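Asker: Input file: model_37.txt. Contents: compact mmCIF, N, CA and C atoms.
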```txt
# COMPACT_ATOMS: atom_id res chain seq x y z
N ASP A 1 86.73 166.72 126.06
CA ASP A 1 86.45 165.76 127.12
C ASP A 1 87.55 164.70 127.14
N SER A 2 88.06 164.37 128.30
CA SER A 2 89.21 163.48 128.41
C SER A 2 88.93 162.05 127.94
N VAL A 3 87.71 161.55 128.13
CA VAL A 3 87.37 160.20 127.66
C VAL A 3 87.40 160.15 126.14
N LYS A 4 86.87 161.17 125.49
CA LYS A 4 86.88 161.22 124.02
C LYS A 4 88.31 161.26 123.49
N LYS A 5 89.15 162.09 124.09
CA LYS A 5 90.54 162.19 123.66
C LYS A 5 91.27 160.87 123.86
N LYS A 6 91.03 160.23 125.01
CA LYS A 6 91.68 158.95 125.27
C LYS A 6 91.19 157.89 124.28
N LEU A 7 89.90 157.85 123.99
CA LEU A 7 89.35 156.89 123.03
C LEU A 7 90.02 157.05 121.66
N ILE A 8 90.14 158.27 121.19
CA ILE A 8 90.78 158.53 119.90
C ILE A 8 92.25 158.12 119.94
N GLN A 9 92.95 158.46 121.00
CA GLN A 9 94.37 158.13 121.11
C GLN A 9 94.58 156.61 121.14
N VAL A 10 93.79 155.90 121.95
CA VAL A 10 93.94 154.45 122.06
C VAL A 10 93.57 153.77 120.74
N THR A 11 92.60 154.31 120.01
CA THR A 11 92.23 153.75 118.71
C THR A 11 93.40 153.89 117.73
N LYS A 12 94.02 155.05 117.70
CA LYS A 12 95.20 155.26 116.83
C LYS A 12 96.34 154.33 117.23
N GLU A 13 96.58 154.22 118.54
CA GLU A 13 97.65 153.34 119.02
C GLU A 13 97.38 151.89 118.66
N SER A 14 96.13 151.46 118.80
CA SER A 14 95.82 150.05 118.51
C SER A 14 95.99 149.75 117.02
N LEU A 15 95.71 150.71 116.16
CA LEU A 15 95.98 150.53 114.73
C LEU A 15 97.48 150.34 114.51
N GLU A 16 98.28 151.18 115.12
CA GLU A 16 99.74 151.06 114.98
C GLU A 16 100.25 149.72 115.51
N ILE A 17 99.69 149.26 116.62
CA ILE A 17 100.08 147.97 117.20
C ILE A 17 99.71 146.85 116.23
N GLY A 18 98.53 146.92 115.63
CA GLY A 18 98.13 145.92 114.65
C GLY A 18 99.05 145.90 113.45
N ILE A 19 99.44 147.08 112.99
CA ILE A 19 100.35 147.18 111.84
C ILE A 19 101.70 146.55 112.17
N ILE A 20 102.22 146.80 113.36
CA ILE A 20 103.50 146.23 113.77
C ILE A 20 103.46 144.70 113.72
N LYS A 21 102.32 144.12 114.08
CA LYS A 21 102.16 142.66 114.09
C LYS A 21 101.91 142.07 112.70
N ALA A 22 101.67 142.90 111.70
CA ALA A 22 101.36 142.44 110.35
C ALA A 22 102.64 142.08 109.61
N ARG A 23 103.25 140.98 110.02
CA ARG A 23 104.54 140.54 109.48
C ARG A 23 104.44 139.13 108.95
N VAL A 24 105.25 138.84 107.95
CA VAL A 24 105.32 137.49 107.39
C VAL A 24 105.56 136.50 108.53
N GLY A 25 104.75 135.45 108.56
CA GLY A 25 104.89 134.40 109.58
C GLY A 25 103.98 134.57 110.77
N ASN A 26 103.53 135.79 111.04
CA ASN A 26 102.54 135.99 112.09
C ASN A 26 101.17 135.56 111.56
N THR A 27 100.21 135.45 112.46
CA THR A 27 98.85 135.10 112.05
C THR A 27 97.92 136.29 112.26
N LEU A 28 96.74 136.17 111.66
CA LEU A 28 95.73 137.20 111.90
C LEU A 28 95.37 137.26 113.38
N GLY A 29 95.43 136.13 114.07
CA GLY A 29 95.18 136.13 115.51
C GLY A 29 96.22 136.92 116.28
N ASP A 30 97.47 136.93 115.80
CA ASP A 30 98.51 137.74 116.43
C ASP A 30 98.17 139.23 116.33
N VAL A 31 97.67 139.62 115.17
CA VAL A 31 97.27 141.02 114.94
C VAL A 31 96.09 141.38 115.86
N GLY A 32 95.03 140.57 115.78
CA GLY A 32 93.81 140.86 116.55
C GLY A 32 94.02 140.83 118.05
N SER A 33 94.79 139.86 118.53
CA SER A 33 94.98 139.76 119.98
C SER A 33 95.80 140.93 120.52
N ALA A 34 96.78 141.40 119.74
CA ALA A 34 97.58 142.55 120.17
C ALA A 34 96.71 143.80 120.26
N ILE A 35 95.83 143.98 119.28
CA ILE A 35 94.90 145.11 119.30
C ILE A 35 93.99 145.00 120.51
N GLN A 36 93.36 143.85 120.70
CA GLN A 36 92.41 143.65 121.79
C GLN A 36 93.07 143.89 123.16
N ARG A 37 94.27 143.34 123.35
CA ARG A 37 94.96 143.50 124.63
C ARG A 37 95.17 144.98 124.95
N HIS A 38 95.64 145.75 123.95
CA HIS A 38 95.89 147.18 124.18
C HIS A 38 94.59 147.92 124.49
N VAL A 39 93.55 147.60 123.73
CA VAL A 39 92.26 148.26 123.92
C VAL A 39 91.71 147.99 125.32
N GLU A 40 91.64 146.73 125.68
CA GLU A 40 91.06 146.37 126.97
C GLU A 40 91.93 146.82 128.15
N ASN A 41 93.25 146.84 127.97
CA ASN A 41 94.12 147.37 129.03
C ASN A 41 93.89 148.85 129.27
N ASN A 42 93.29 149.53 128.30
CA ASN A 42 92.99 150.95 128.44
C ASN A 42 91.52 151.22 128.77
N GLY A 43 90.77 150.16 129.08
CA GLY A 43 89.40 150.33 129.57
C GLY A 43 88.33 150.43 128.50
N PHE A 44 88.65 150.10 127.26
CA PHE A 44 87.67 150.16 126.17
C PHE A 44 87.37 148.76 125.66
N ASN A 45 86.47 148.66 124.70
CA ASN A 45 86.12 147.38 124.08
C ASN A 45 86.25 147.48 122.57
N VAL A 46 86.45 146.32 121.93
CA VAL A 46 86.56 146.21 120.48
C VAL A 46 85.22 145.76 119.91
N VAL A 47 84.73 146.47 118.92
CA VAL A 47 83.52 146.06 118.20
C VAL A 47 83.80 144.73 117.53
N ARG A 48 82.88 143.78 117.67
CA ARG A 48 83.06 142.45 117.08
C ARG A 48 82.35 142.30 115.73
N GLY A 49 81.30 143.07 115.50
CA GLY A 49 80.47 142.89 114.32
C GLY A 49 81.01 143.51 113.05
N LEU A 50 82.04 144.32 113.13
CA LEU A 50 82.68 144.93 111.97
C LEU A 50 84.17 144.66 112.08
N VAL A 51 84.77 144.23 110.98
CA VAL A 51 86.17 143.82 111.02
C VAL A 51 86.90 144.32 109.78
N GLY A 52 88.21 144.21 109.80
CA GLY A 52 89.01 144.49 108.62
C GLY A 52 88.87 143.35 107.63
N HIS A 53 89.63 143.42 106.54
CA HIS A 53 89.42 142.46 105.45
C HIS A 53 90.62 142.46 104.51
N GLY A 54 90.61 141.46 103.64
CA GLY A 54 91.61 141.41 102.59
C GLY A 54 91.29 142.41 101.50
N ILE A 55 92.33 142.79 100.77
CA ILE A 55 92.18 143.70 99.63
C ILE A 55 92.77 142.98 98.42
N GLY A 56 91.99 142.92 97.35
CA GLY A 56 92.47 142.26 96.13
C GLY A 56 91.83 142.91 94.93
N LYS A 57 91.23 142.10 94.08
CA LYS A 57 90.51 142.63 92.93
C LYS A 57 89.26 143.37 93.36
N ASN A 58 88.69 142.95 94.49
CA ASN A 58 87.53 143.61 95.07
C ASN A 58 87.94 144.23 96.40
N LEU A 59 87.16 145.18 96.86
CA LEU A 59 87.51 145.90 98.09
C LEU A 59 87.46 145.00 99.31
N HIS A 60 86.34 144.36 99.55
CA HIS A 60 86.18 143.53 100.74
C HIS A 60 86.30 142.07 100.35
N GLU A 61 87.44 141.49 100.64
CA GLU A 61 87.71 140.09 100.32
C GLU A 61 88.18 139.37 101.57
N PRO A 62 88.12 138.03 101.55
CA PRO A 62 88.74 137.27 102.63
C PRO A 62 90.24 137.56 102.63
N PRO A 63 90.88 137.42 103.74
CA PRO A 63 90.34 136.94 105.01
C PRO A 63 89.78 138.09 105.84
N GLN A 64 88.94 137.74 106.80
CA GLN A 64 88.51 138.74 107.77
C GLN A 64 89.68 139.04 108.70
N VAL A 65 89.86 140.31 109.02
CA VAL A 65 90.93 140.76 109.91
C VAL A 65 90.26 141.24 111.19
N LEU A 66 90.16 140.33 112.15
CA LEU A 66 89.50 140.65 113.42
C LEU A 66 90.38 141.55 114.27
N ASN A 67 89.76 142.35 115.09
CA ASN A 67 90.47 143.23 116.02
C ASN A 67 90.49 142.62 117.42
N TYR A 68 90.32 141.33 117.48
CA TYR A 68 90.33 140.56 118.73
C TYR A 68 90.74 139.14 118.36
N GLY A 69 91.08 138.35 119.34
CA GLY A 69 91.43 136.97 119.03
C GLY A 69 92.52 136.43 119.91
N LYS A 70 93.10 135.32 119.45
CA LYS A 70 94.14 134.62 120.20
C LYS A 70 95.40 134.54 119.34
N PRO A 71 96.55 134.73 119.98
CA PRO A 71 97.81 134.62 119.24
C PRO A 71 97.93 133.24 118.59
N GLY A 72 98.53 133.20 117.41
CA GLY A 72 98.79 131.94 116.73
C GLY A 72 97.61 131.33 116.00
N VAL A 73 96.44 131.97 116.07
CA VAL A 73 95.22 131.44 115.46
C VAL A 73 94.94 132.21 114.17
N GLY A 74 94.31 131.55 113.22
CA GLY A 74 93.90 132.22 111.98
C GLY A 74 94.92 132.08 110.88
N SER A 75 94.62 132.69 109.77
CA SER A 75 95.48 132.61 108.59
C SER A 75 96.86 133.17 108.89
N GLU A 76 97.86 132.51 108.32
CA GLU A 76 99.22 133.02 108.42
C GLU A 76 99.41 134.13 107.40
N LEU A 77 100.11 135.16 107.81
CA LEU A 77 100.40 136.28 106.91
C LEU A 77 101.58 135.90 106.02
N VAL A 78 101.39 136.06 104.71
CA VAL A 78 102.43 135.71 103.76
C VAL A 78 102.75 136.92 102.90
N GLU A 79 103.96 136.91 102.38
CA GLU A 79 104.39 138.01 101.51
C GLU A 79 103.42 138.18 100.35
N GLY A 80 103.05 139.43 100.08
CA GLY A 80 102.16 139.75 98.98
C GLY A 80 100.71 139.97 99.39
N MET A 81 100.35 139.53 100.59
CA MET A 81 98.98 139.80 101.06
C MET A 81 98.80 141.29 101.26
N VAL A 82 97.58 141.77 101.05
CA VAL A 82 97.23 143.15 101.36
C VAL A 82 95.95 143.09 102.18
N ILE A 83 96.00 143.72 103.36
CA ILE A 83 94.86 143.68 104.28
C ILE A 83 94.52 145.08 104.78
N ALA A 84 93.26 145.25 105.14
CA ALA A 84 92.81 146.47 105.81
C ALA A 84 92.72 146.16 107.29
N ILE A 85 93.49 146.88 108.08
CA ILE A 85 93.43 146.76 109.53
C ILE A 85 92.63 147.97 110.00
N GLU A 86 91.53 147.71 110.71
CA GLU A 86 90.66 148.82 111.09
C GLU A 86 90.01 148.62 112.44
N PRO A 87 90.77 148.90 113.51
CA PRO A 87 90.18 148.77 114.85
C PRO A 87 89.03 149.76 115.06
N MET A 88 87.96 149.24 115.65
CA MET A 88 86.80 150.04 116.01
C MET A 88 86.59 149.85 117.51
N LEU A 89 86.73 150.93 118.25
CA LEU A 89 86.67 150.87 119.71
C LEU A 89 85.43 151.57 120.22
N VAL A 90 84.98 151.12 121.39
CA VAL A 90 83.82 151.72 122.04
C VAL A 90 84.10 151.90 123.52
N THR A 91 83.40 152.85 124.11
CA THR A 91 83.54 153.09 125.54
C THR A 91 82.66 152.16 126.36
N GLY A 92 81.67 151.55 125.75
CA GLY A 92 80.74 150.67 126.47
C GLY A 92 80.73 149.28 125.87
N ASP A 93 79.53 148.75 125.70
CA ASP A 93 79.34 147.41 125.16
C ASP A 93 79.73 147.38 123.69
N TRP A 94 80.35 146.28 123.24
CA TRP A 94 80.85 146.18 121.86
C TRP A 94 79.77 145.89 120.83
N ARG A 95 78.56 145.60 121.25
CA ARG A 95 77.50 145.24 120.30
C ARG A 95 77.03 146.48 119.52
N ILE A 96 76.74 146.26 118.24
CA ILE A 96 76.29 147.35 117.37
C ILE A 96 74.99 146.95 116.68
N LYS A 97 74.34 147.95 116.11
CA LYS A 97 73.17 147.68 115.28
C LYS A 97 73.23 148.61 114.08
N GLU A 98 72.57 148.18 113.01
CA GLU A 98 72.57 148.96 111.78
C GLU A 98 71.27 149.73 111.66
N LYS A 99 71.39 151.01 111.34
CA LYS A 99 70.23 151.87 111.07
C LYS A 99 70.43 152.45 109.68
N GLY A 100 69.76 151.82 108.70
CA GLY A 100 69.99 152.24 107.31
C GLY A 100 71.38 151.83 106.90
N HIS A 101 72.21 152.78 106.51
CA HIS A 101 73.59 152.50 106.15
C HIS A 101 74.55 152.99 107.22
N VAL A 102 74.04 153.17 108.42
CA VAL A 102 74.83 153.67 109.53
C VAL A 102 74.83 152.63 110.65
N PHE A 103 75.97 152.46 111.29
CA PHE A 103 76.06 151.58 112.44
C PHE A 103 76.14 152.43 113.70
N ILE A 104 75.44 152.00 114.74
CA ILE A 104 75.51 152.66 116.03
C ILE A 104 75.72 151.60 117.10
N THR A 105 76.25 152.01 118.22
CA THR A 105 76.39 151.08 119.33
C THR A 105 75.01 150.86 119.96
N LYS A 106 74.74 149.62 120.37
CA LYS A 106 73.43 149.32 120.94
C LYS A 106 73.15 150.14 122.19
N ASP A 107 74.21 150.41 122.98
CA ASP A 107 74.01 151.19 124.21
C ASP A 107 74.30 152.68 124.02
N ARG A 108 74.48 153.08 122.73
CA ARG A 108 74.71 154.49 122.38
C ARG A 108 75.98 155.07 123.01
N CYS A 109 76.96 154.22 123.25
CA CYS A 109 78.23 154.69 123.80
C CYS A 109 79.07 155.33 122.69
N LEU A 110 80.16 155.93 123.07
CA LEU A 110 81.06 156.56 122.10
C LEU A 110 81.84 155.50 121.34
N ALA A 111 82.18 155.79 120.09
CA ALA A 111 82.95 154.87 119.26
C ALA A 111 83.98 155.66 118.45
N ALA A 112 85.07 154.97 118.08
CA ALA A 112 86.10 155.56 117.22
C ALA A 112 86.63 154.47 116.29
N HIS A 113 87.11 154.89 115.12
CA HIS A 113 87.57 153.95 114.09
C HIS A 113 88.67 154.60 113.27
N PHE A 114 89.77 153.88 113.11
CA PHE A 114 90.84 154.30 112.21
C PHE A 114 91.24 153.09 111.38
N GLU A 115 91.78 153.34 110.19
CA GLU A 115 92.04 152.24 109.26
C GLU A 115 93.22 152.56 108.37
N HIS A 116 94.00 151.51 108.05
CA HIS A 116 95.03 151.60 107.03
C HIS A 116 95.03 150.33 106.21
N THR A 117 95.43 150.44 104.96
CA THR A 117 95.65 149.29 104.10
C THR A 117 97.14 148.98 104.15
N VAL A 118 97.45 147.70 104.41
CA VAL A 118 98.83 147.30 104.69
C VAL A 118 99.22 146.14 103.78
N ALA A 119 100.36 146.28 103.10
CA ALA A 119 100.93 145.19 102.32
C ALA A 119 101.90 144.43 103.21
N ILE A 120 101.83 143.10 103.14
CA ILE A 120 102.75 142.26 103.90
C ILE A 120 103.96 142.00 103.01
N THR A 121 105.13 142.46 103.47
CA THR A 121 106.35 142.31 102.68
C THR A 121 107.43 141.62 103.52
N LYS A 122 108.47 141.12 102.84
CA LYS A 122 109.60 140.49 103.54
C LYS A 122 110.23 141.44 104.55
N SER A 123 110.25 142.71 104.22
CA SER A 123 110.93 143.68 105.08
C SER A 123 110.00 144.28 106.14
N GLY A 124 108.77 143.78 106.22
CA GLY A 124 107.84 144.28 107.24
C GLY A 124 106.60 144.87 106.60
N PRO A 125 105.68 145.35 107.44
CA PRO A 125 104.44 145.91 106.92
C PRO A 125 104.70 147.22 106.16
N ASP A 126 104.01 147.36 105.03
CA ASP A 126 104.12 148.57 104.22
C ASP A 126 102.74 149.23 104.19
N VAL A 127 102.60 150.35 104.88
CA VAL A 127 101.32 151.04 104.95
C VAL A 127 101.10 151.78 103.64
N LEU A 128 100.07 151.38 102.91
CA LEU A 128 99.80 151.94 101.58
C LEU A 128 98.93 153.19 101.63
N THR A 129 98.30 153.47 102.76
CA THR A 129 97.33 154.56 102.83
C THR A 129 97.79 155.71 103.73
N LYS A 130 99.06 155.80 104.05
CA LYS A 130 99.54 156.92 104.88
C LYS A 130 99.68 158.16 104.06
```
Output the file's structure in the form of structure tokens.
Answerer:
Amino acid sequence: DSVKKKLIQVTKESLEIGIIKARVGNTLGDVGSAIQRHVENNGFNVVRGLVGHGIGKNLHEPPQVLNYGKPGVGSELVEGMVIAIEPMLVTGDWRIKEKGHVFITKDRCLAAHFEHTVAITKSGPDVLTK
């Protein structure tokens, strides 16, 4: 189905766009807004209730890495940070609900999710999970 293929393709592209923005001196808002702009320009929505996160001694640590936002807002990316960028896109409304340990869209629309762990380095983003 063409909508499913497009959803998967745009989700992959938005992850790559987020990774490109994951540079020293940029902010988390730069990452999120670039993802959101690409997603919405392609007719989809970004899930707001689930976000990326920092990686450190524990798996899910601050800061939250939103897949939406405004440029220049949020924590500044500094050398040595490691973050999980994980855009989650939907074909309908972005609201989700939890059923047990599973999340579903409230309107039962299609969803897609891709993720990479990225180290912020002087020479640019280093994808650790490729």
Asker: Might you pull out every residue within 8 Å of stretch 89-91 of chain A, with only N, CA and C atoms counted and same-chain residues fewer than 2 positions away left off, and present them as a VMD selection string?
Answerer: chain A and resid 7 10 to 11 39 43 to 47 86 to 87 93 to 94 105 108 to 114
Asker: If you keep N, CA and C atoms, can you produce a file of those selected residues as a CSV table (one decimal), in the frame of the given file?
Answerer:
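Result file follows (out37.csv):
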```csv
chain,number,residue,atom,x,y,z
A,7,LEU,N,89.9,157.8,124.0
A,7,LEU,CA,89.4,156.9,123.0
A,7,LEU,C,90.0,157.0,121.7
A,10,VAL,N,93.8,155.9,122.0
A,10,VAL,CA,93.9,154.4,122.1
A,10,VAL,C,93.6,153.8,120.7
A,11,THR,N,92.6,154.3,120.0
A,11,THR,CA,92.2,153.8,118.7
A,11,THR,C,93.4,153.9,117.7
A,39,VAL,N,93.6,147.6,123.7
A,39,VAL,CA,92.3,148.3,123.9
A,39,VAL,C,91.7,148.0,125.3
A,43,GLY,N,90.8,150.2,129.1
A,43,GLY,CA,89.4,150.3,129.6
A,43,GLY,C,88.3,150.4,128.5
A,44,PHE,N,88.6,150.1,127.3
A,44,PHE,CA,87.7,150.2,126.2
A,44,PHE,C,87.4,148.8,125.7
A,45,ASN,N,86.5,148.7,124.7
A,45,ASN,CA,86.1,147.4,124.1
A,45,ASN,C,86.2,147.5,122.6
A,46,VAL,N,86.4,146.3,121.9
A,46,VAL,CA,86.6,146.2,120.5
A,46,VAL,C,85.2,145.8,119.9
A,47,VAL,N,84.7,146.5,118.9
A,47,VAL,CA,83.5,146.1,118.2
A,47,VAL,C,83.8,144.7,117.5
A,86,GLU,N,91.5,147.7,110.7
A,86,GLU,CA,90.7,148.8,111.1
A,86,GLU,C,90.0,148.6,112.4
A,87,PRO,N,90.8,148.9,113.5
A,87,PRO,CA,90.2,148.8,114.8
A,87,PRO,C,89.0,149.8,115.1
A,93,ASP,N,79.5,148.8,125.7
A,93,ASP,CA,79.3,147.4,125.2
A,93,ASP,C,79.7,147.4,123.7
A,94,TRP,N,80.4,146.3,123.2
A,94,TRP,CA,80.8,146.2,121.9
A,94,TRP,C,79.8,145.9,120.8
A,105,THR,N,76.2,152.0,118.2
A,105,THR,CA,76.4,151.1,119.3
A,105,THR,C,75.0,150.9,120.0
A,108,ARG,N,74.5,153.1,122.7
A,108,ARG,CA,74.7,154.5,122.4
A,108,ARG,C,76.0,155.1,123.0
A,109,CYS,N,77.0,154.2,123.2
A,109,CYS,CA,78.2,154.7,123.8
A,109,CYS,C,79.1,155.3,122.7
A,110,LEU,N,80.2,155.9,123.1
A,110,LEU,CA,81.1,156.6,122.1
A,110,LEU,C,81.8,155.5,121.3
A,111,ALA,N,82.2,155.8,120.1
A,111,ALA,CA,83.0,154.9,119.3
A,111,ALA,C,84.0,155.7,118.4
A,112,ALA,N,85.1,155.0,118.1
A,112,ALA,CA,86.1,155.6,117.2
A,112,ALA,C,86.6,154.5,116.3
A,113,HIS,N,87.1,154.9,115.1
A,113,HIS,CA,87.6,154.0,114.1
A,113,HIS,C,88.7,154.6,113.3
A,114,PHE,N,89.8,153.9,113.1
A,114,PHE,CA,90.8,154.3,112.2
A,114,PHE,C,91.2,153.1,111.4
```
Asker: Select all residues near (97.0, 137.1, 121.1) (cut-off 5 Å, inclusive, file coordinates), counting all atoms listed in the file, and output them as a ChimeraX atom specification.
Answerer: /A:29-30,33-34,69-71
Asker: With only C-alpha atoms as the atoms that count, which of A:Pro62, A:Gly49, A:Gly54, A:Gly74 lies nearest to A:Val118?
Answerer: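 When distances to A:Val118 are compared using only C-alpha atoms, the smallest one comes from A:Gly54.
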Asker: At what distance in Å, to one decimal, does atom CA of A:Leu66 lie from atom N of A:Ser2?
Answerer: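 Taking atom N of A:Ser2 and atom CA of A:Leu66, their separation equals 28.0 Å.
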Asker: Rounded to one decimal, what separation in Å do you get between atom C of A:Val73 and atom C of A:Leu50?
Answerer: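 Between these atoms lies a distance of 16.6 Å.
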Asker: Rounded to one decimal place, report the atom C of A:His60-atom C of A:His38 distance in Å.
Answerer: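 Taking atom C of A:His60 and atom C of A:His38, their separation equals 26.2 Å.
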Asker: Within 8 Å of (91.8, 135.5, 104.3), in the coordinates the file gives, what residues turn up when you count all atoms listed in the file, written out as a tab-separated table (two decimals) with N, CA and C atoms, in the frame of the given file?
Answerer:
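File produced: selection_19.tsv:
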```tsv
chain	number	residue	atom	x	y	z
A	53	HIS	N	89.63	143.42	106.54
A	53	HIS	CA	89.42	142.46	105.45
A	53	HIS	C	90.62	142.46	104.51
A	54	GLY	N	90.61	141.46	103.64
A	54	GLY	CA	91.61	141.41	102.59
A	54	GLY	C	91.29	142.41	101.50
A	61	GLU	N	87.44	141.49	100.64
A	61	GLU	CA	87.71	140.09	100.32
A	61	GLU	C	88.18	139.37	101.57
A	62	PRO	N	88.12	138.03	101.55
A	62	PRO	CA	88.74	137.27	102.63
A	62	PRO	C	90.24	137.56	102.63
A	63	PRO	N	90.88	137.42	103.74
A	63	PRO	CA	90.34	136.94	105.01
A	63	PRO	C	89.78	138.09	105.84
A	64	GLN	N	88.94	137.74	106.80
A	64	GLN	CA	88.51	138.74	107.77
A	64	GLN	C	89.68	139.04	108.70
A	65	VAL	N	89.86	140.31	109.02
A	65	VAL	CA	90.93	140.76	109.91
A	65	VAL	C	90.26	141.24	111.19
A	75	SER	N	94.62	132.69	109.77
A	75	SER	CA	95.48	132.61	108.59
A	75	SER	C	96.86	133.17	108.89
A	76	GLU	N	97.86	132.51	108.32
A	76	GLU	CA	99.22	133.02	108.42
A	76	GLU	C	99.41	134.13	107.40
```
Asker: Missing atoms in stretch 16-23 of chain A should be modelled up to all heavy atoms and reported as a CSV table (one decimal), in the coordinates of the input.
Answerer:
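Dumped everything to rebuild.csv:
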```csv
chain,number,residue,atom,x,y,z
A,16,GLU,N,98.3,151.2,115.1
A,16,GLU,CA,99.7,151.1,115.0
A,16,GLU,C,100.2,149.7,115.5
A,16,GLU,O,101.1,149.1,114.9
A,16,GLU,CB,100.4,152.2,115.7
A,16,GLU,CG,100.2,153.6,115.0
A,16,GLU,CD,100.6,153.6,113.5
A,16,GLU,OE1,101.7,153.1,113.2
A,16,GLU,OE2,99.9,154.2,112.7
A,17,ILE,N,99.7,149.3,116.6
A,17,ILE,CA,100.1,148.0,117.2
A,17,ILE,C,99.7,146.8,116.2
A,17,ILE,O,100.5,145.9,116.0
A,17,ILE,CB,99.4,147.8,118.6
A,17,ILE,CG1,100.1,148.7,119.6
A,17,ILE,CG2,99.4,146.3,119.0
A,17,ILE,CD1,99.4,148.9,120.9
A,18,GLY,N,98.5,146.9,115.6
A,18,GLY,CA,98.1,145.9,114.6
A,18,GLY,C,99.0,145.9,113.4
A,18,GLY,O,99.4,144.8,113.0
A,19,ILE,N,99.4,147.1,113.0
A,19,ILE,CA,100.4,147.2,111.8
A,19,ILE,C,101.7,146.6,112.2
A,19,ILE,O,102.3,145.8,111.4
A,19,ILE,CB,100.5,148.6,111.4
A,19,ILE,CG1,99.2,149.2,110.8
A,19,ILE,CG2,101.7,148.8,110.4
A,19,ILE,CD1,99.1,150.7,110.6
A,20,ILE,N,102.2,146.8,113.4
A,20,ILE,CA,103.5,146.2,113.8
A,20,ILE,C,103.5,144.7,113.7
A,20,ILE,O,104.4,144.0,113.3
A,20,ILE,CB,103.9,146.7,115.2
A,20,ILE,CG1,104.3,148.2,115.1
A,20,ILE,CG2,105.0,145.9,115.8
A,20,ILE,CD1,104.4,148.9,116.5
A,21,LYS,N,102.3,144.1,114.1
A,21,LYS,CA,102.2,142.7,114.1
A,21,LYS,C,101.9,142.1,112.7
A,21,LYS,O,101.9,140.9,112.5
A,21,LYS,CB,101.0,142.3,115.0
A,21,LYS,CG,101.3,142.4,116.5
A,21,LYS,CD,102.3,141.4,116.9
A,21,LYS,CE,102.5,141.4,118.4
A,21,LYS,NZ,103.5,140.4,118.8
A,22,ALA,N,101.7,142.9,111.7
A,22,ALA,CA,101.4,142.4,110.4
A,22,ALA,C,102.6,142.1,109.6
A,22,ALA,O,103.1,142.8,108.7
A,22,ALA,CB,100.5,143.5,109.6
A,23,ARG,N,103.2,141.0,110.0
A,23,ARG,CA,104.5,140.5,109.5
A,23,ARG,C,104.4,139.1,109.0
A,23,ARG,O,103.7,138.3,109.5
A,23,ARG,CB,105.6,140.6,110.6
A,23,ARG,CG,105.8,141.9,111.1
A,23,ARG,CD,107.1,141.9,112.1
A,23,ARG,NE,107.6,143.3,112.2
A,23,ARG,CZ,108.4,143.9,111.3
A,23,ARG,NH1,108.6,143.3,110.1
A,23,ARG,NH2,108.9,145.1,111.4
```
